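Shown next, in structure tokens, is the structure this report addresses.
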Amino acid sequence: MLLLAIWPVPPGGLPCGGFGCVLRHVGEEDAGRYRRGNLTGLTRQDAREVLDIYIQAWEEQDPDLIVTIFTDSATYHERVLEEPIPDREAIRRYWQEKVVRSQANIKCELLKLYLDGITVIAEWEAEFDDVVQGVHKRMREIAVLVFEGHLIASLREYWASETVGQSAGRDPERGWTETRGLTQRGAADNRRRFAYPSRAWGSPAE
């Protein structure tokens with residue numbers, strides 16, 4: 001990669017013939033750091049806002065919303081040892097099949113968030129009904145996201161889940177569910193259920 005730097009011409013000119021320019025060769029490592037610098041403009045707040053939309057699209061089971069945070073050619077690895085979901089329209093179909101048809105009563109809490117250039121590492125915990133298996137599950141996940149601008153170009157998930165009870169039923173009049181004797185009345189209750197002290201290796205998401 002070549003970068004063109006323009007400097008003021010000192011008295012007597014420059015050895016390059018008086019054009020006032022110096023060509024500097026930048027190695028791949030330096031170029032990578034340059035691309036990950038101010039040119040990307042990705043901040044921790046930007047990443048948090050994208051993850052908030054991800055969680056909203058999950059909890060509300062919204063395929064139209066989830067695709068707004070991915071690039072056209074984004075890849076989504078739900079299971080990293082298998083082939084990725086190859087693009088945004090495929091991600092929409094996956095969301096429709098996996099989230100809309102197979103899950104219910106979803107609650108998710110972002111626990112930690114790290115930013116390194118264009119790469120974001122996030123940890124969250126979720127609970128949901130697995131409609132297919134008829135059980136209630138708790139999941140802990142770490143996701144690695146690579147951004148292009150403010151959209152996700154690549155997402156890889158590493159997760160584990162456990163069964164914690166039977167599927168809950170929703171009361172349409174009261175608008176809440178009961179699972180294993182626990183009442184879920186919205187985000188405030190959900191935050192209290194997931195609250196715990198920060199781990200020594202990182203700080204909670206802000």
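Chain lettering (A, B, ...) mirrors the order of the structure tokens, residue numbering begins at 1 for each chain separately, and ligand numbering begins at 1 in order of display.
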
Give the helix (DSSP H, G or I) residues of range 66-174 of chain A, as assigned by DSSP on the backbone, as a list in words.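 Of range 66-174 of chain A, only Ile66, Val67, Thr68, Ile69, Arg88, Glu89, Ala90, Ile91, Arg92, Arg93, Tyr94, Trp95, Gln96, Glu97, Lys98, Val99 and Val100 of chain A fall in helix (DSSP H, G or I).
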
What's the 12 Å shell around Glu141 in chain A, counting only C-alpha atoms, without same-chain residues fewer than 6 positions away, as a ChimeraX atom specification? /A:78-79,108-112,121-127,156-162

Atoms kept (N, CA and C atoms) for selection, written as a PDB file, in the first residue's frame:
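Result saved to again_13.pdb:
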```
ATOM      1  N   GLU A  78     -23.706 -18.776  13.327  1.00  0.00           N
ATOM      2  CA  GLU A  78     -24.364 -19.198  14.565  1.00  0.00           C
ATOM      3  C   GLU A  78     -23.567 -20.318  15.233  1.00  0.00           C
ATOM      4  N   ARG A  79     -23.022 -21.213  14.419  1.00  0.00           N
ATOM      5  CA  ARG A  79     -22.153 -22.295  14.897  1.00  0.00           C
ATOM      6  C   ARG A  79     -20.868 -22.211  14.093  1.00  0.00           C
ATOM      7  N   CYS A 108     -33.192 -10.633  26.996  1.00  0.00           N
ATOM      8  CA  CYS A 108     -31.741 -10.646  26.823  1.00  0.00           C
ATOM      9  C   CYS A 108     -31.134  -9.433  27.512  1.00  0.00           C
ATOM     10  N   GLU A 109     -29.970  -9.629  28.132  1.00  0.00           N
ATOM     11  CA  GLU A 109     -29.264  -8.556  28.826  1.00  0.00           C
ATOM     12  C   GLU A 109     -27.808  -8.535  28.362  1.00  0.00           C
ATOM     13  N   LEU A 110     -27.369  -7.384  27.854  1.00  0.00           N
ATOM     14  CA  LEU A 110     -25.966  -7.203  27.492  1.00  0.00           C
ATOM     15  C   LEU A 110     -25.139  -7.041  28.764  1.00  0.00           C
ATOM     16  N   LEU A 111     -24.097  -7.854  28.890  1.00  0.00           N
ATOM     17  CA  LEU A 111     -23.294  -7.849  30.102  1.00  0.00           C
ATOM     18  C   LEU A 111     -21.973  -7.111  29.942  1.00  0.00           C
ATOM     19  N   LYS A 112     -21.293  -7.342  28.831  1.00  0.00           N
ATOM     20  CA  LYS A 112     -19.982  -6.729  28.620  1.00  0.00           C
ATOM     21  C   LYS A 112     -19.826  -6.358  27.154  1.00  0.00           C
ATOM     22  N   ILE A 121     -16.379  -7.210  20.745  1.00  0.00           N
ATOM     23  CA  ILE A 121     -16.654  -8.450  21.474  1.00  0.00           C
ATOM     24  C   ILE A 121     -17.719  -8.138  22.514  1.00  0.00           C
ATOM     25  N   ALA A 122     -18.806  -8.885  22.464  1.00  0.00           N
ATOM     26  CA  ALA A 122     -19.923  -8.640  23.375  1.00  0.00           C
ATOM     27  C   ALA A 122     -20.304  -9.935  24.079  1.00  0.00           C
ATOM     28  N   GLU A 123     -20.708  -9.800  25.323  1.00  0.00           N
ATOM     29  CA  GLU A 123     -21.231 -10.941  26.086  1.00  0.00           C
ATOM     30  C   GLU A 123     -22.637 -10.607  26.534  1.00  0.00           C
ATOM     31  N   TRP A 124     -23.546 -11.566  26.378  1.00  0.00           N
ATOM     32  CA  TRP A 124     -24.898 -11.356  26.877  1.00  0.00           C
ATOM     33  C   TRP A 124     -25.449 -12.653  27.458  1.00  0.00           C
ATOM     34  N   GLU A 125     -26.531 -12.499  28.227  1.00  0.00           N
ATOM     35  CA  GLU A 125     -27.251 -13.645  28.764  1.00  0.00           C
ATOM     36  C   GLU A 125     -28.706 -13.492  28.378  1.00  0.00           C
ATOM     37  N   ALA A 126     -29.319 -14.592  27.996  1.00  0.00           N
ATOM     38  CA  ALA A 126     -30.711 -14.557  27.536  1.00  0.00           C
ATOM     39  C   ALA A 126     -31.479 -15.730  28.114  1.00  0.00           C
ATOM     40  N   GLU A 127     -32.789 -15.542  28.228  1.00  0.00           N
ATOM     41  CA  GLU A 127     -33.708 -16.633  28.538  1.00  0.00           C
ATOM     42  C   GLU A 127     -34.844 -16.592  27.529  1.00  0.00           C
ATOM     43  N   ARG A 156     -19.768 -13.802  14.657  1.00  0.00           N
ATOM     44  CA  ARG A 156     -19.494 -15.184  15.064  1.00  0.00           C
ATOM     45  C   ARG A 156     -19.952 -15.362  16.502  1.00  0.00           C
ATOM     46  N   GLU A 157     -20.727 -16.410  16.730  1.00  0.00           N
ATOM     47  CA  GLU A 157     -21.282 -16.663  18.058  1.00  0.00           C
ATOM     48  C   GLU A 157     -20.599 -17.859  18.716  1.00  0.00           C
ATOM     49  N   TYR A 158     -20.343 -17.730  20.009  1.00  0.00           N
ATOM     50  CA  TYR A 158     -19.833 -18.821  20.844  1.00  0.00           C
ATOM     51  C   TYR A 158     -20.744 -18.873  22.057  1.00  0.00           C
ATOM     52  N   TRP A 159     -21.490 -19.958  22.232  1.00  0.00           N
ATOM     53  CA  TRP A 159     -22.511 -19.950  23.268  1.00  0.00           C
ATOM     54  C   TRP A 159     -22.691 -21.333  23.887  1.00  0.00           C
ATOM     55  N   ALA A 160     -23.341 -21.300  25.050  1.00  0.00           N
ATOM     56  CA  ALA A 160     -23.777 -22.526  25.720  1.00  0.00           C
ATOM     57  C   ALA A 160     -25.150 -22.243  26.304  1.00  0.00           C
ATOM     58  N   SER A 161     -25.987 -23.277  26.375  1.00  0.00           N
ATOM     59  CA  SER A 161     -27.330 -23.089  26.912  1.00  0.00           C
ATOM     60  C   SER A 161     -27.690 -24.260  27.810  1.00  0.00           C
ATOM     61  N   GLU A 162     -28.680 -24.042  28.670  1.00  0.00           N
ATOM     62  CA  GLU A 162     -29.177 -25.091  29.543  1.00  0.00           C
ATOM     63  C   GLU A 162     -30.683 -24.947  29.682  1.00  0.00           C
TER      64      GLU A 162
END
```

List as a PDB file with all heavy atoms, in the first residue's frame the protein and nucleic acid residues near Leu155 in chain A, meaning an atom at most 8 Å away when only C-alpha atoms are counted, but skip any in the same chain fewer than 4 places from it.
```
ATOM      1  N   ALA A  74     -23.051  -9.473   4.535  1.00  0.00           N
ATOM      2  CA  ALA A  74     -22.640  -9.900   5.878  1.00  0.00           C
ATOM      3  C   ALA A  74     -22.719 -11.414   6.033  1.00  0.00           C
ATOM      4  O   ALA A  74     -23.567 -12.081   5.431  1.00  0.00           O
ATOM      5  CB  ALA A  74     -23.519  -9.229   6.923  1.00  0.00           C
ATOM      6  N   THR A  75     -21.832 -11.963   6.860  1.00  0.00           N
ATOM      7  CA  THR A  75     -21.880 -13.379   7.214  1.00  0.00           C
ATOM      8  C   THR A  75     -22.226 -13.510   8.693  1.00  0.00           C
ATOM      9  O   THR A  75     -21.828 -12.684   9.516  1.00  0.00           O
ATOM     10  CB  THR A  75     -20.548 -14.083   6.939  1.00  0.00           C
ATOM     11  OG1 THR A  75     -19.490 -13.415   7.670  1.00  0.00           O
ATOM     12  CG2 THR A  75     -20.226 -14.056   5.459  1.00  0.00           C
ATOM     13  N   TYR A  76     -22.967 -14.565   9.019  1.00  0.00           N
ATOM     14  CA  TYR A  76     -23.448 -14.792  10.387  1.00  0.00           C
ATOM     15  C   TYR A  76     -23.165 -16.249  10.728  1.00  0.00           C
ATOM     16  O   TYR A  76     -23.762 -17.157  10.167  1.00  0.00           O
ATOM     17  CB  TYR A  76     -24.951 -14.502  10.433  1.00  0.00           C
ATOM     18  CG  TYR A  76     -25.584 -14.461  11.814  1.00  0.00           C
ATOM     19  CD1 TYR A  76     -26.351 -13.379  12.204  1.00  0.00           C
ATOM     20  CD2 TYR A  76     -25.449 -15.525  12.710  1.00  0.00           C
ATOM     21  CE1 TYR A  76     -26.964 -13.336  13.452  1.00  0.00           C
ATOM     22  CE2 TYR A  76     -26.037 -15.485  13.952  1.00  0.00           C
ATOM     23  CZ  TYR A  76     -26.805 -14.392  14.321  1.00  0.00           C
ATOM     24  OH  TYR A  76     -27.397 -14.353  15.554  1.00  0.00           O
ATOM     25  N   HIS A  77     -22.223 -16.441  11.655  1.00  0.00           N
ATOM     26  CA  HIS A  77     -21.868 -17.783  12.105  1.00  0.00           C
ATOM     27  C   HIS A  77     -22.603 -18.076  13.402  1.00  0.00           C
ATOM     28  O   HIS A  77     -22.178 -17.647  14.474  1.00  0.00           O
ATOM     29  CB  HIS A  77     -20.363 -17.875  12.358  1.00  0.00           C
ATOM     30  CG  HIS A  77     -19.603 -18.568  11.288  1.00  0.00           C
ATOM     31  ND1 HIS A  77     -18.720 -17.930  10.435  1.00  0.00           N
ATOM     32  CD2 HIS A  77     -19.595 -19.871  10.913  1.00  0.00           C
ATOM     33  CE1 HIS A  77     -18.190 -18.801   9.606  1.00  0.00           C
ATOM     34  NE2 HIS A  77     -18.700 -19.983   9.867  1.00  0.00           N
ATOM     35  N   ALA A 143     -20.132 -12.939  21.444  1.00  0.00           N
ATOM     36  CA  ALA A 143     -20.206 -12.700  20.003  1.00  0.00           C
ATOM     37  C   ALA A 143     -19.039 -11.820  19.578  1.00  0.00           C
ATOM     38  O   ALA A 143     -18.685 -10.858  20.273  1.00  0.00           O
ATOM     39  CB  ALA A 143     -21.529 -12.028  19.632  1.00  0.00           C
ATOM     40  N   VAL A 144     -18.442 -12.166  18.445  1.00  0.00           N
ATOM     41  CA  VAL A 144     -17.367 -11.371  17.849  1.00  0.00           C
ATOM     42  C   VAL A 144     -17.927 -10.754  16.574  1.00  0.00           C
ATOM     43  O   VAL A 144     -18.334 -11.467  15.656  1.00  0.00           O
ATOM     44  CB  VAL A 144     -16.133 -12.235  17.537  1.00  0.00           C
ATOM     45  CG1 VAL A 144     -15.031 -11.373  16.931  1.00  0.00           C
ATOM     46  CG2 VAL A 144     -15.636 -12.942  18.804  1.00  0.00           C
ATOM     47  N   LEU A 145     -17.947  -9.430  16.530  1.00  0.00           N
ATOM     48  CA  LEU A 145     -18.538  -8.706  15.408  1.00  0.00           C
ATOM     49  C   LEU A 145     -17.476  -7.834  14.739  1.00  0.00           C
ATOM     50  O   LEU A 145     -16.744  -7.115  15.430  1.00  0.00           O
ATOM     51  CB  LEU A 145     -19.696  -7.831  15.867  1.00  0.00           C
ATOM     52  CG  LEU A 145     -20.793  -8.491  16.718  1.00  0.00           C
ATOM     53  CD1 LEU A 145     -20.482  -8.324  18.205  1.00  0.00           C
ATOM     54  CD2 LEU A 145     -22.146  -7.887  16.417  1.00  0.00           C
ATOM     55  N   VAL A 146     -17.415  -7.901  13.428  1.00  0.00           N
ATOM     56  CA  VAL A 146     -16.524  -7.028  12.653  1.00  0.00           C
ATOM     57  C   VAL A 146     -17.408  -6.065  11.865  1.00  0.00           C
ATOM     58  O   VAL A 146     -18.354  -6.490  11.197  1.00  0.00           O
ATOM     59  CB  VAL A 146     -15.622  -7.838  11.712  1.00  0.00           C
ATOM     60  CG1 VAL A 146     -14.734  -6.895  10.898  1.00  0.00           C
ATOM     61  CG2 VAL A 146     -14.761  -8.823  12.510  1.00  0.00           C
TER      62      VAL A 146
END
```

Compile the contact shell of range 95-102 of chain A as a ChimeraX atom specification: residues with an atom at most 7 Å away, counting only C-alpha atoms, same-chain residues fewer than 4 positions apart removed. /A:58,61,63,91,130-132

What is the distance between CA of Asp72 in chain A and CA of Val50 in chain A, in Å to one decimal? 15.9 Å

Please return, as number ranges by chain, all residues of range 93-122 of chain A that DSSP assigns to strand (DSSP E or B) on the basis of the backbone. A: 103-116, 119-122
